[in-house]
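Have a look at entry_8.cif; it's mmCIF, C-alpha atoms and all ligand atoms:
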data_model
#
loop_
_atom_site.group_PDB
_atom_site.id
_atom_site.type_symbol
_atom_site.label_atom_id
_atom_site.label_comp_id
_atom_site.auth_asym_id
_atom_site.auth_seq_id
_atom_site.Cartn_x
_atom_site.Cartn_y
_atom_site.Cartn_z
ATOM 1 C CA MET A 1009 3.641 -27.761 -16.842
ATOM 2 C CA SER A 1010 1.551 -25.346 -18.910
ATOM 3 C CA THR A 1011 0.809 -26.320 -22.474
ATOM 4 C CA ASP A 1012 0.852 -23.751 -25.220
ATOM 5 C CA ASN A 1013 -2.756 -24.325 -26.165
ATOM 6 C CA ALA A 1014 -3.921 -20.780 -26.845
ATOM 7 C CA SER A 1015 -5.090 -21.727 -30.317
ATOM 8 C CA ARG A 1016 -6.337 -25.247 -29.551
ATOM 9 C CA PRO A 1017 -9.745 -25.788 -31.132
ATOM 10 C CA THR A 1018 -11.024 -27.747 -28.098
ATOM 11 C CA ASP A 1019 -10.628 -24.736 -25.820
ATOM 12 C CA THR A 1020 -13.698 -22.623 -26.529
ATOM 13 C CA ARG A 1021 -12.935 -19.868 -24.033
ATOM 14 C CA PRO A 1022 -12.439 -16.393 -25.555
ATOM 15 C CA ILE A 1023 -8.787 -15.381 -25.618
ATOM 16 C CA ALA A 1024 -7.344 -12.457 -23.700
ATOM 17 C CA VAL A 1025 -3.737 -11.361 -24.111
ATOM 18 C CA VAL A 1026 -1.949 -9.521 -21.318
ATOM 19 C CA THR A 1027 1.525 -8.027 -21.719
ATOM 20 C CA GLY A 1028 3.862 -7.245 -18.839
ATOM 21 C CA ALA A 1029 2.092 -10.033 -16.977
ATOM 22 C CA SER A 1030 4.914 -11.285 -14.758
ATOM 23 C CA SER A 1031 3.859 -9.105 -11.816
ATOM 24 C CA GLY A 1032 1.771 -6.158 -10.644
ATOM 25 C CA ILE A 1033 -1.193 -4.915 -12.674
ATOM 26 C CA GLY A 1034 -0.482 -7.363 -15.522
ATOM 27 C CA ALA A 1035 -0.496 -10.470 -13.336
ATOM 28 C CA ALA A 1036 -3.543 -9.299 -11.382
ATOM 29 C CA THR A 1037 -5.395 -8.574 -14.625
ATOM 30 C CA ALA A 1038 -4.544 -12.008 -16.003
ATOM 31 C CA ARG A 1039 -5.959 -13.629 -12.857
ATOM 32 C CA ARG A 1040 -9.088 -11.516 -13.012
ATOM 33 C CA LEU A 1041 -9.774 -12.219 -16.706
ATOM 34 C CA ALA A 1042 -9.174 -15.938 -16.193
ATOM 35 C CA ALA A 1043 -11.707 -15.887 -13.346
ATOM 36 C CA GLN A 1044 -14.137 -14.255 -15.759
ATOM 37 C CA GLY A 1045 -13.790 -17.142 -18.222
ATOM 38 C CA PHE A 1046 -11.003 -16.082 -20.565
ATOM 39 C CA HIS A 1047 -8.141 -18.221 -21.740
ATOM 40 C CA VAL A 1048 -5.402 -15.743 -20.918
ATOM 41 C CA VAL A 1049 -2.165 -15.620 -22.860
ATOM 42 C CA VAL A 1050 0.372 -13.988 -20.584
ATOM 43 C CA GLY A 1051 3.582 -12.473 -21.874
ATOM 44 C CA ALA A 1052 6.664 -11.012 -20.221
ATOM 45 C CA ARG A 1053 10.425 -11.193 -20.463
ATOM 46 C CA ARG A 1054 10.601 -13.352 -17.329
ATOM 47 C CA VAL A 1055 9.256 -16.542 -18.894
ATOM 48 C CA ASP A 1056 9.460 -18.590 -15.683
ATOM 49 C CA ARG A 1057 7.020 -16.182 -14.055
ATOM 50 C CA VAL A 1058 4.479 -16.200 -16.870
ATOM 51 C CA THR A 1059 4.693 -19.978 -17.155
ATOM 52 C CA ALA A 1060 3.919 -20.316 -13.444
ATOM 53 C CA LEU A 1061 1.070 -17.822 -13.738
ATOM 54 C CA ALA A 1062 -0.333 -19.638 -16.779
ATOM 55 C CA ASP A 1063 -0.265 -22.914 -14.821
ATOM 56 C CA GLU A 1064 -2.146 -21.254 -11.990
ATOM 57 C CA ILE A 1065 -4.902 -19.748 -14.161
ATOM 58 C CA GLY A 1066 -5.181 -22.396 -16.873
ATOM 59 C CA GLY A 1067 -3.777 -20.116 -19.538
ATOM 60 C CA THR A 1068 -0.744 -19.918 -21.754
ATOM 61 C CA GLY A 1069 2.596 -18.353 -20.851
ATOM 62 C CA ARG A 1070 4.919 -17.111 -23.552
ATOM 63 C CA GLN A 1071 8.086 -15.079 -23.401
ATOM 64 C CA LEU A 1072 7.634 -11.557 -24.678
ATOM 65 C CA ASP A 1073 10.003 -8.655 -25.102
ATOM 66 C CA VAL A 1074 7.827 -5.888 -26.530
ATOM 67 C CA THR A 1075 10.930 -4.009 -27.704
ATOM 68 C CA ASP A 1076 11.871 -6.818 -30.066
ATOM 69 C CA ASP A 1077 10.107 -7.432 -33.414
ATOM 70 C CA GLU A 1078 10.965 -11.136 -33.510
ATOM 71 C CA SER A 1079 9.842 -11.716 -29.955
ATOM 72 C CA VAL A 1080 6.487 -10.057 -30.666
ATOM 73 C CA ALA A 1081 6.063 -12.114 -33.857
ATOM 74 C CA ALA A 1082 6.734 -15.350 -31.951
ATOM 75 C CA PHE A 1083 4.435 -14.264 -29.131
ATOM 76 C CA VAL A 1084 1.416 -13.709 -31.395
ATOM 77 C CA ASP A 1085 2.048 -16.783 -33.521
ATOM 78 C CA GLY A 1086 -1.155 -18.807 -33.910
ATOM 79 C CA LEU A 1087 -3.327 -16.183 -32.197
ATOM 80 C CA ASP A 1088 -5.816 -15.738 -35.018
ATOM 81 C CA THR A 1089 -8.758 -14.701 -32.862
ATOM 82 C CA VAL A 1090 -8.290 -12.506 -29.812
ATOM 83 C CA HIS A 1091 -11.093 -10.888 -27.826
ATOM 84 C CA VAL A 1092 -9.107 -8.794 -25.378
ATOM 85 C CA LEU A 1093 -5.654 -7.254 -25.554
ATOM 86 C CA VAL A 1094 -4.319 -5.541 -22.437
ATOM 87 C CA ASN A 1095 -1.283 -3.447 -23.264
ATOM 88 C CA ASN A 1096 0.256 -3.268 -19.842
ATOM 89 C CA ALA A 1097 4.002 -3.668 -20.482
ATOM 90 C CA GLY A 1098 5.940 -0.498 -19.785
ATOM 91 C CA GLY A 1099 7.102 1.585 -16.897
ATOM 92 C CA ALA A 1100 9.312 4.431 -15.756
ATOM 93 C CA LYS A 1101 13.054 4.826 -15.352
ATOM 94 C CA GLY A 1102 14.585 7.690 -13.453
ATOM 95 C CA LEU A 1103 13.251 11.008 -12.246
ATOM 96 C CA ASP A 1104 15.525 13.579 -13.824
ATOM 97 C CA PRO A 1105 15.092 17.151 -14.973
ATOM 98 C CA VAL A 1106 15.071 17.659 -18.732
ATOM 99 C CA ALA A 1107 18.351 19.562 -18.389
ATOM 100 C CA THR A 1108 20.124 16.403 -17.246
ATOM 101 C CA ALA A 1109 17.952 13.793 -18.939
ATOM 102 C CA ASP A 1110 19.455 10.345 -19.230
ATOM 103 C CA LEU A 1111 18.935 9.413 -22.877
ATOM 104 C CA ASP A 1112 19.154 5.691 -22.169
ATOM 105 C CA ASP A 1113 16.311 5.968 -19.662
ATOM 106 C CA TRP A 1114 14.248 7.930 -22.179
ATOM 107 C CA ARG A 1115 14.996 5.393 -24.903
ATOM 108 C CA TRP A 1116 13.856 2.539 -22.631
ATOM 109 C CA MET A 1117 10.637 4.343 -21.698
ATOM 110 C CA TRP A 1118 9.778 5.155 -25.292
ATOM 111 C CA GLU A 1119 10.727 1.665 -26.500
ATOM 112 C CA THR A 1120 8.590 -0.138 -23.936
ATOM 113 C CA ASN A 1121 5.570 2.130 -23.407
ATOM 114 C CA VAL A 1122 5.172 3.606 -26.883
ATOM 115 C CA LEU A 1123 6.768 1.346 -29.477
ATOM 116 C CA GLY A 1124 6.201 -1.799 -27.418
ATOM 117 C CA SER A 1125 2.453 -1.217 -27.205
ATOM 118 C CA LEU A 1126 2.428 -0.263 -30.880
ATOM 119 C CA ARG A 1127 4.213 -3.469 -31.928
ATOM 120 C CA VAL A 1128 1.832 -5.753 -30.039
ATOM 121 C CA THR A 1129 -1.262 -3.812 -31.078
ATOM 122 C CA LYS A 1130 -0.296 -3.806 -34.760
ATOM 123 C CA ALA A 1131 0.348 -7.522 -34.647
ATOM 124 C CA LEU A 1132 -3.027 -8.309 -33.054
ATOM 125 C CA ILE A 1133 -5.439 -5.897 -34.777
ATOM 126 C CA PRO A 1134 -6.470 -8.526 -37.381
ATOM 127 C CA ALA A 1135 -7.117 -11.101 -34.638
ATOM 128 C CA LEU A 1136 -9.121 -8.582 -32.594
ATOM 129 C CA ILE A 1137 -11.276 -7.719 -35.610
ATOM 130 C CA ALA A 1138 -11.650 -11.424 -36.430
ATOM 131 C CA SER A 1139 -13.158 -12.038 -32.971
ATOM 132 C CA GLY A 1140 -16.190 -9.968 -33.910
ATOM 133 C CA ASP A 1141 -16.056 -8.337 -30.461
ATOM 134 C CA GLY A 1142 -12.538 -7.162 -29.678
ATOM 135 C CA LEU A 1143 -11.293 -4.909 -26.909
ATOM 136 C CA ILE A 1144 -7.968 -3.134 -26.572
ATOM 137 C CA VAL A 1145 -7.123 -1.871 -23.104
ATOM 138 C CA ALA A 1146 -4.168 0.487 -22.794
ATOM 139 C CA VAL A 1147 -2.795 0.831 -19.305
ATOM 140 C CA THR A 1148 -1.316 4.319 -19.411
ATOM 141 C CA SER A 1149 -1.147 6.513 -16.318
ATOM 142 C CA ILE A 1150 -2.204 9.862 -14.978
ATOM 143 C CA ALA A 1151 1.191 10.769 -16.464
ATOM 144 C CA ALA A 1152 -0.651 10.617 -19.802
ATOM 145 C CA ILE A 1153 -2.709 13.681 -18.832
ATOM 146 C CA GLU A 1154 -0.341 15.515 -16.509
ATOM 147 C CA ALA A 1155 3.124 17.027 -16.498
ATOM 148 C CA TYR A 1156 5.363 17.148 -13.446
ATOM 149 C CA ASP A 1157 8.895 18.227 -12.557
ATOM 150 C CA ASN A 1158 11.559 15.663 -13.439
ATOM 151 C CA GLY A 1159 9.014 13.366 -15.032
ATOM 152 C CA ALA A 1160 9.219 14.317 -18.722
ATOM 153 C CA GLY A 1161 10.743 11.048 -19.881
ATOM 154 C CA TYR A 1162 7.805 9.123 -18.459
ATOM 155 C CA THR A 1163 5.034 11.682 -19.019
ATOM 156 C CA SER A 1164 6.038 12.198 -22.644
ATOM 157 C CA ALA A 1165 6.126 8.441 -23.277
ATOM 158 C CA LYS A 1166 2.754 7.937 -21.586
ATOM 159 C CA HIS A 1167 1.260 10.851 -23.549
ATOM 160 C CA ALA A 1168 2.568 9.284 -26.772
ATOM 161 C CA GLN A 1169 1.270 5.825 -25.876
ATOM 162 C CA ALA A 1170 -2.107 7.313 -24.985
ATOM 163 C CA LEU A 1171 -2.340 9.390 -28.152
ATOM 164 C CA THR A 1172 -1.574 6.339 -30.259
ATOM 165 C CA HIS A 1173 -4.352 4.461 -28.496
ATOM 166 C CA ARG A 1174 -6.806 7.376 -28.774
ATOM 167 C CA THR A 1175 -6.020 7.665 -32.496
ATOM 168 C CA LEU A 1176 -6.850 3.996 -32.920
ATOM 169 C CA ARG A 1177 -10.258 4.707 -31.380
ATOM 170 C CA TYR A 1178 -10.917 6.863 -34.458
ATOM 171 C CA GLU A 1179 -9.220 4.622 -36.976
ATOM 172 C CA LEU A 1180 -11.103 1.493 -35.885
ATOM 173 C CA LEU A 1181 -14.496 3.171 -35.869
ATOM 174 C CA GLY A 1182 -16.768 0.817 -37.801
ATOM 175 C CA GLU A 1183 -14.791 -2.263 -36.784
ATOM 176 C CA PRO A 1184 -15.973 -4.541 -33.974
ATOM 177 C CA VAL A 1185 -13.246 -3.393 -31.579
ATOM 178 C CA ARG A 1186 -13.639 -1.312 -28.449
ATOM 179 C CA LEU A 1187 -10.828 0.757 -26.966
ATOM 180 C CA THR A 1188 -10.382 1.672 -23.329
ATOM 181 C CA GLU A 1189 -7.618 3.644 -21.690
ATOM 182 C CA ILE A 1190 -6.957 3.022 -18.016
ATOM 183 C CA LEU A 1191 -5.063 5.856 -16.316
ATOM 184 C CA PRO A 1192 -3.931 4.828 -12.838
ATOM 185 C CA GLY A 1193 -2.311 7.074 -10.285
ATOM 186 C CA MET A 1194 -0.308 5.573 -7.444
ATOM 187 C CA VAL A 1195 -0.450 1.792 -7.450
ATOM 188 C CA GLU A 1196 1.834 -0.106 -5.109
ATOM 189 C CA THR A 1197 3.626 -2.555 -7.397
ATOM 190 C CA ASP A 1198 7.276 -2.813 -8.382
ATOM 191 C CA PHE A 1199 6.724 0.329 -10.531
ATOM 192 C CA SER A 1200 8.799 2.557 -8.258
ATOM 193 C CA LEU A 1201 11.379 -0.160 -7.639
ATOM 194 C CA VAL A 1202 11.987 -0.299 -11.406
ATOM 195 C CA ARG A 1203 11.954 3.496 -11.675
ATOM 196 C CA PHE A 1204 14.648 3.783 -8.988
ATOM 197 C CA GLU A 1205 16.614 0.758 -10.193
ATOM 198 C CA GLY A 1206 16.055 -1.433 -7.153
ATOM 199 C CA ASP A 1207 16.429 1.285 -4.502
ATOM 200 C CA LYS A 1208 13.806 -0.117 -2.111
ATOM 201 C CA GLU A 1209 14.001 2.695 0.420
ATOM 202 C CA ARG A 1210 13.343 5.309 -2.254
ATOM 203 C CA ALA A 1211 10.573 3.199 -3.784
ATOM 204 C CA ASP A 1212 8.853 2.616 -0.431
ATOM 205 C CA ALA A 1213 8.967 6.352 0.339
ATOM 206 C CA VAL A 1214 6.705 7.021 -2.676
ATOM 207 C CA TYR A 1215 3.790 5.291 -0.926
ATOM 208 C CA GLU A 1216 4.641 6.180 2.669
ATOM 209 C CA GLY A 1217 1.869 7.654 4.799
ATOM 210 C CA LEU A 1218 -0.918 7.152 2.276
ATOM 211 C CA THR A 1219 -2.996 4.270 1.021
ATOM 212 C CA PRO A 1220 -2.112 3.589 -2.615
ATOM 213 C CA LEU A 1221 -4.171 1.511 -5.015
ATOM 214 C CA THR A 1222 -3.310 -2.154 -5.334
ATOM 215 C CA ALA A 1223 -2.807 -4.057 -8.568
ATOM 216 C CA ASP A 1224 -6.102 -5.830 -7.812
ATOM 217 C CA ASP A 1225 -7.950 -2.503 -7.642
ATOM 218 C CA VAL A 1226 -6.886 -1.788 -11.217
ATOM 219 C CA ALA A 1227 -7.461 -5.356 -12.413
ATOM 220 C CA GLU A 1228 -11.001 -5.261 -11.082
ATOM 221 C CA VAL A 1229 -11.738 -2.205 -13.231
ATOM 222 C CA ILE A 1230 -10.239 -3.872 -16.306
ATOM 223 C CA GLY A 1231 -12.396 -6.911 -15.586
ATOM 224 C CA PHE A 1232 -15.442 -4.645 -15.435
ATOM 225 C CA VAL A 1233 -14.508 -3.071 -18.779
ATOM 226 C CA ALA A 1234 -14.083 -6.494 -20.375
ATOM 227 C CA SER A 1235 -17.471 -7.646 -19.150
ATOM 228 C CA ARG A 1236 -19.518 -4.812 -20.711
ATOM 229 C CA PRO A 1237 -21.720 -5.692 -23.675
ATOM 230 C CA PRO A 1238 -20.233 -5.092 -27.160
ATOM 231 C CA HIS A 1239 -21.986 -1.751 -27.750
ATOM 232 C CA VAL A 1240 -20.585 -0.137 -24.576
ATOM 233 C CA ASN A 1241 -17.197 1.560 -24.964
ATOM 234 C CA LEU A 1242 -15.601 2.959 -21.826
ATOM 235 C CA ASP A 1243 -13.165 5.383 -23.421
ATOM 236 C CA GLN A 1244 -11.097 6.541 -20.452
ATOM 237 C CA ILE A 1245 -10.987 5.636 -16.800
ATOM 238 C CA VAL A 1246 -8.810 7.628 -14.394
ATOM 239 C CA LEU A 1247 -8.343 5.960 -11.038
ATOM 240 C CA LYS A 1248 -6.376 7.291 -8.116
ATOM 241 C CA PRO A 1249 -6.167 6.634 -4.419
ATOM 242 C CA ARG A 1250 -8.433 8.888 -2.369
ATOM 243 C CA ASP A 1251 -5.216 10.300 -0.893
ATOM 244 C CA GLN A 1252 -3.929 11.439 -4.295
ATOM 245 C CA ALA A 1253 -5.449 14.370 -6.177
ATOM 246 C CA SER A 1254 -2.807 14.670 -8.895
ATOM 247 C CA ALA A 1255 0.605 13.245 -9.761
ATOM 248 C CA ARG A 1256 2.321 15.549 -7.296
ATOM 249 C CA ARG A 1257 -0.486 16.484 -4.910
ATOM 250 C CA ASN A 1258 -1.320 13.984 -2.212
ATOM 251 C CA ILE A 1259 -1.980 13.748 1.483
ATOM 252 C CA ARG A 1260 0.169 11.700 3.822
ATOM 253 C CA THR A 1261 -1.401 11.127 7.182
ATOM 254 C CA GLY A 1262 -0.334 7.586 8.044
HETATM 255 C C1 LIG B 1301 2.425 6.392 -12.215
HETATM 256 C C2 LIG B 1301 1.493 7.388 -11.678
HETATM 257 O O1 LIG B 1301 0.977 8.910 -9.690
HETATM 258 O O2 LIG B 1301 2.706 7.246 -9.362
HETATM 259 O O3 LIG B 1301 1.990 5.865 -13.427
HETATM 260 O O4 LIG B 1301 3.139 9.169 -10.775
HETATM 261 S S1 LIG B 1301 2.107 8.229 -10.312
#
As C-alpha cells, the full file:
Amino acid sequence: MSTDNASRPTDTRPIAVVTGASSGIGAATARRLAAQGFHVVVGARRVDRVTALADEIGGTGRQLDVTDDESVAAFVDGLDTVHVLVNNAGGAKGLDPVATADLDDWRWMWETNVLGSLRVTKALIPALIASGDGLIVAVTSIAAIEAYDNGAGYTSAKHAQALTHRTLRYELLGEPVRLTEILPGMVETDFSLVRFEGDKERADAVYEGLTPLTADDVAEVIGFVASRPPHVNLDQIVLKPRDQASARRNIRTG
C-alpha cells in the first residue's frame, strides 16, 4: 500500500511530478525518474493504476483529472517544493476534417492538452521556483509544429499547449526554472486506441509495417533532460522513428 508521503520531511529525494502517468510515456517517465533518484508523484484519473505504479517505484500516487480545478488543487496539496514537472496528460480524439469537426472531441483535446497543462503548471510554478532548480517538461508532439489533413483538433491543441509552454520560457527568465518541450512523433502506446475510441484494428494499423518509438525511448530522453546541470536548458527536442519523416510521411517496409 503506497503512503502519500510526497511532502514527508524524512524523504530527502527531490520531487518529480508526472501527469497522465497511468500508462505509456507518463508511466515510463515516472519509472525512469524514480530510477534516477526522484520521489515521483504520479497522477492520473485511474487512481488504481497510479497507486500500483507508486508502490512499484517508491513514489506517491494521487488521482488527477487535469480538466478539473478541484482535482488539480487536491493533487498539488502539500507539494511546496517540486524539482521536475512533466506535463504529459493529454491526447487526441478523432481524425475529422474541419468541415465535419466534432466539437466534443475538440473540447476534450483543448481541455486536456491546453487547459489541463495550464492548470497543473500554474499550480506548481511557486513550488518549482522554491526548489531553486526547477524543470518543466511539456510533452507535446510533432503535431505542435506540423499541420495535417483531418488533424486540426489535435494539431491546434498541441500548438496552443506548446505556445503556452514556450511563452513561459520567456516569462520565467531570471527564475531558477528550466523549460523543455519534447515533441514525439509515432510512439506505440494507447495514444491511437484513445484517438479511435478503442478501435484496436484501426489503432494497430497506424504502426503497421514500421518501427515506432516506444514509451521508454521517450522516457529515456526526459531522464537525460532532467539530469543536466542547472545551467543547461534543452529548449526543444523532436524525436521520431527513423521510419517517420513527418506526421504524414513515413516508410512501411515490415
Ligand atoms: C502524435 C504524433 O506522428 O503519431 O503525437 O501523429 S503522430
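Counting from atom CA of A:Ser1200, the distance to atom CA of A:Gly1098 is 12.3 Å.
Shell of A:Gly1159 at 12 Å, with only C-alpha atoms counted and residues fewer than 5 places along the chain excluded, is Ala1100, Lys1101, Gly1102, Leu1103, Asp1104, Pro1105, Val1106, Ala1107, Thr1108, Ala1109, Asp1110, Asp1113, Trp1114, Met1117, Ile1150, Ala1151, Ala1152, Glu1154, Ser1164, Ala1165, Lys1166, His1167, Arg1203, Ala1255 and Arg1256 of chain A.
The gap separating atom CA of A:Leu1201 from atom CA of A:Leu1218 is 17.4 Å, in Å to one decimal.
Computed from the coordinates, the atom CA of A:Val1025 to atom CA of A:Gly1161 distance equals 27.0 Å.
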> Taking the file as shown, what set of residues would the PyMOL selection byres (((chain A and resi 1088) around 10) and not hetatm) give back, as a PyMOL selection string?
Replying inline: chain A and resi 1014-1015+1023+1084-1087+1089-1090+1132-1139
Please report, as JSON, the centre and edge lengths in Å to one decimal of an axis-aligned box covering all listed atoms of ligand LIG 1301 (chain B) with 5 Å per side.
{"center_x": 2.1, "center_y": 7.5, "center_z": -11.4, "size_x": 12.2, "size_y": 13.3, "size_z": 14.1}
>> Can you tell me which residues surround A:Lys1130 at a distance of at most 12 Å, considering all atoms listed in the file, apart from same-chain residues fewer than 6 positions away, and format the answer as a ChimeraX atom specification?
In response: /A:1074,1077,1080-1081,1084,1093,1095,1123-1124,1136-1137,1144,1172-1173,1176
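Selection by the PyMOL selection byres (((chain A and resi 1207-1216) around 10) and not hetatm) on the present file picks out A:Met1194, A:Val1195, A:Glu1196, A:Thr1197, A:Asp1198, A:Phe1199, A:Ser1200, A:Leu1201, A:Val1202, A:Arg1203, A:Phe1204, A:Glu1205, A:Gly1206, A:Gly1217, A:Leu1218, A:Thr1219, A:Pro1220, A:Leu1221, A:Arg1260, A:Thr1261, A:Gly1262.
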Writer output for current selection, C-alpha atoms, as a PDB file, keeping the file's coordinate frame:
ATOM      1  CA  MET A1194      -0.308   5.573  -7.444  1.00  0.00           C
ATOM      2  CA  VAL A1195      -0.450   1.792  -7.450  1.00  0.00           C
ATOM      3  CA  GLU A1196       1.834  -0.106  -5.109  1.00  0.00           C
ATOM      4  CA  THR A1197       3.626  -2.555  -7.397  1.00  0.00           C
ATOM      5  CA  ASP A1198       7.276  -2.813  -8.382  1.00  0.00           C
ATOM      6  CA  PHE A1199       6.724   0.329 -10.531  1.00  0.00           C
ATOM      7  CA  SER A1200       8.799   2.557  -8.258  1.00  0.00           C
ATOM      8  CA  LEU A1201      11.379  -0.160  -7.639  1.00  0.00           C
ATOM      9  CA  VAL A1202      11.987  -0.299 -11.406  1.00  0.00           C
ATOM     10  CA  ARG A1203      11.954   3.496 -11.675  1.00  0.00           C
ATOM     11  CA  PHE A1204      14.648   3.783  -8.988  1.00  0.00           C
ATOM     12  CA  GLU A1205      16.614   0.758 -10.193  1.00  0.00           C
ATOM     13  CA  GLY A1206      16.055  -1.433  -7.153  1.00  0.00           C
ATOM     14  CA  GLY A1217       1.869   7.654   4.799  1.00  0.00           C
ATOM     15  CA  LEU A1218      -0.918   7.152   2.276  1.00  0.00           C
ATOM     16  CA  THR A1219      -2.996   4.270   1.021  1.00  0.00           C
ATOM     17  CA  PRO A1220      -2.112   3.589  -2.615  1.00  0.00           C
ATOM     18  CA  LEU A1221      -4.171   1.511  -5.015  1.00  0.00           C
ATOM     19  CA  ARG A1260       0.169  11.700   3.822  1.00  0.00           C
ATOM     20  CA  THR A1261      -1.401  11.127   7.182  1.00  0.00           C
ATOM     21  CA  GLY A1262      -0.334   7.586   8.044  1.00  0.00           C
TER      22      GLY A1262
END
Between stretch 1084-1140 of chain A and stretch 1031-1045 of chain A, at 10 Å or less, what are the per-residue closest atom pairs and their distances in Å? Count only C-alpha atoms, order by chain and rising residue number, and return it as a Markdown table.
| residue | atom | partner | partner_atom | distance |
| --- | --- | --- | --- | --- |
| A:Val1092 | CA | A:Leu1041 | CA | 9.3 |
| A:Val1094 | CA | A:Gly1034 | CA | 8.1 |
| A:Asn1095 | CA | A:Gly1034 | CA | 8.7 |
| A:Asn1096 | CA | A:Gly1034 | CA | 6.0 |
| A:Ala1097 | CA | A:Gly1034 | CA | 7.6 |
